[in-house]
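See structure below.
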Amino acid sequence: MHNEESGDNQIHRLRQWRSGREPDQSLSFIKKLFDRQIARPHKKVAKLVALWEKHIPPELAARTALLSYSRGVLRVEVADSATLYQLDRLLRSGAEQQLRQAFTGSLRTIKLQLGPPERFGNGTDPTATPPQP
């Protein structure tokens, strides 16, 4: 009978060892998913915003909105065509390269596009002079 009990114990231990752990029935997978899809990209975008404010003059930065960052492409919306032109010239003259060097992630290109004027205020150019009566 002693051999029977020790044999049962061995079989029980062997079953536990072979079957492994019980499957995780909790929602712990959500934390990994959240970190991968939300937390990490948010940190990169926050770094890009800080670098944008550092390397772009305030008068231009105020007329822009960083739309998205995906696969090394930063999409920037600009208030008007004059700002688009000024920003394009600035980026081509070395600001884009400075942003690439300062950013720890991959920044392949910066795409500029015109945005709706409502996003940047009342739709009028703040540098324009008011009409004379």
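By convention in this document, the chains of the structure tokens carry letters A, B, ... by their order, each chain's residues are numbered from 1, and ligands are numbered from 1 in the order they are shown.
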
Could you please write out, as JSON, numbers by chain, every residue of segment 6-131 of chain A that DSSP assigns to helix (DSSP H, G or I)?
-> {"A": [6, 7, 8, 9, 10, 11, 12, 13, 14, 15, 16, 17, 18, 19, 29, 30, 31, 32, 33, 34, 35, 36, 37, 38, 39, 40, 41, 42, 43, 44, 45, 46, 47, 48, 49, 50, 51, 52, 53, 54, 55, 58, 59, 60, 61, 81, 82, 83, 84, 85, 86, 87, 88, 89, 90, 91, 92, 93, 94, 95, 96, 97, 98, 99, 100, 101, 102, 117, 118, 119, 120]}

Residues at most 10 Å from Val45 of chain A, counting only C-alpha atoms, excluding those fewer than 4 positions away in the same chain, as JSON, numbers by chain?
-> {"A": [40, 41, 49, 50, 51, 66, 67, 68, 69, 70, 74, 105]}

Which of these residues is nearest to Gly72 of chain A, using only C-alpha atoms: A:Ser93, A:Thr109, A:Gln37, A:Gln86?
->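 Closest to Gly72 of chain A of all the choices is A:Thr109.
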
Can you pull out the residues contacting Lys54 of chain A? Cut-off 12 Å, using only C-alpha atoms, and skip same-chain residues under 3 positions away; I want them as an mmCIF file with N, CA and C atoms, in the first residue's frame.
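Now in selection_13.cif:
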```cif
data_model
loop_
_atom_site.group_PDB
_atom_site.id
_atom_site.type_symbol
_atom_site.label_atom_id
_atom_site.label_comp_id
_atom_site.auth_asym_id
_atom_site.auth_seq_id
_atom_site.Cartn_x
_atom_site.Cartn_y
_atom_site.Cartn_z
ATOM 1 N N LYS A 47 7.703 63.702 -26.510
ATOM 2 C CA LYS A 47 9.073 64.132 -26.791
ATOM 3 C C LYS A 47 9.115 64.988 -28.051
ATOM 4 N N LEU A 48 8.354 64.583 -29.064
ATOM 5 C CA LEU A 48 8.315 65.362 -30.310
ATOM 6 C C LEU A 48 7.736 66.750 -30.075
ATOM 7 N N VAL A 49 6.703 66.844 -29.258
ATOM 8 C CA VAL A 49 6.098 68.154 -28.968
ATOM 9 C C VAL A 49 7.125 69.057 -28.293
ATOM 10 N N ALA A 50 7.850 68.518 -27.321
ATOM 11 C CA ALA A 50 8.866 69.316 -26.627
ATOM 12 C C ALA A 50 9.966 69.763 -27.589
ATOM 13 N N LEU A 51 10.398 68.876 -28.467
ATOM 14 C CA LEU A 51 11.432 69.239 -29.444
ATOM 15 C C LEU A 51 10.909 70.254 -30.454
ATOM 16 N N PRO A 57 10.423 78.424 -34.048
ATOM 17 C CA PRO A 57 10.140 79.717 -33.401
ATOM 18 C C PRO A 57 8.686 79.785 -32.919
ATOM 19 N N PRO A 58 8.452 80.453 -31.800
ATOM 20 C CA PRO A 58 7.108 80.486 -31.201
ATOM 21 C C PRO A 58 6.033 81.046 -32.134
ATOM 22 N N LEU A 60 5.822 80.703 -35.319
ATOM 23 C CA LEU A 60 5.430 79.649 -36.265
ATOM 24 C C LEU A 60 4.760 78.484 -35.534
ATOM 25 N N ALA A 61 5.300 78.102 -34.399
ATOM 26 C CA ALA A 61 4.745 76.967 -33.652
ATOM 27 C C ALA A 61 3.299 77.225 -33.236
ATOM 28 N N ALA A 95 16.371 72.802 -39.712
ATOM 29 C CA ALA A 95 15.587 72.499 -38.515
ATOM 30 C C ALA A 95 15.122 71.041 -38.496
ATOM 31 N N GLN A 98 17.968 68.959 -37.305
ATOM 32 C CA GLN A 98 18.148 69.138 -35.862
ATOM 33 C C GLN A 98 17.111 68.325 -35.078
ATOM 34 N N LEU A 99 15.877 68.320 -35.564
ATOM 35 C CA LEU A 99 14.828 67.528 -34.908
ATOM 36 C C LEU A 99 15.170 66.043 -34.973
ATOM 37 N N ALA A 102 17.952 65.252 -32.466
ATOM 38 C CA ALA A 102 17.542 65.373 -31.065
ATOM 39 C C ALA A 102 16.535 64.300 -30.651
ATOM 40 N N PHE A 103 15.773 63.772 -31.601
ATOM 41 C CA PHE A 103 14.739 62.784 -31.298
ATOM 42 C C PHE A 103 15.360 61.406 -31.181
#
```

Filtered DSSP result for chain A, state strand (DSSP E or B), as a ChimeraX atom specification = /A:64-70,73-78,109-114
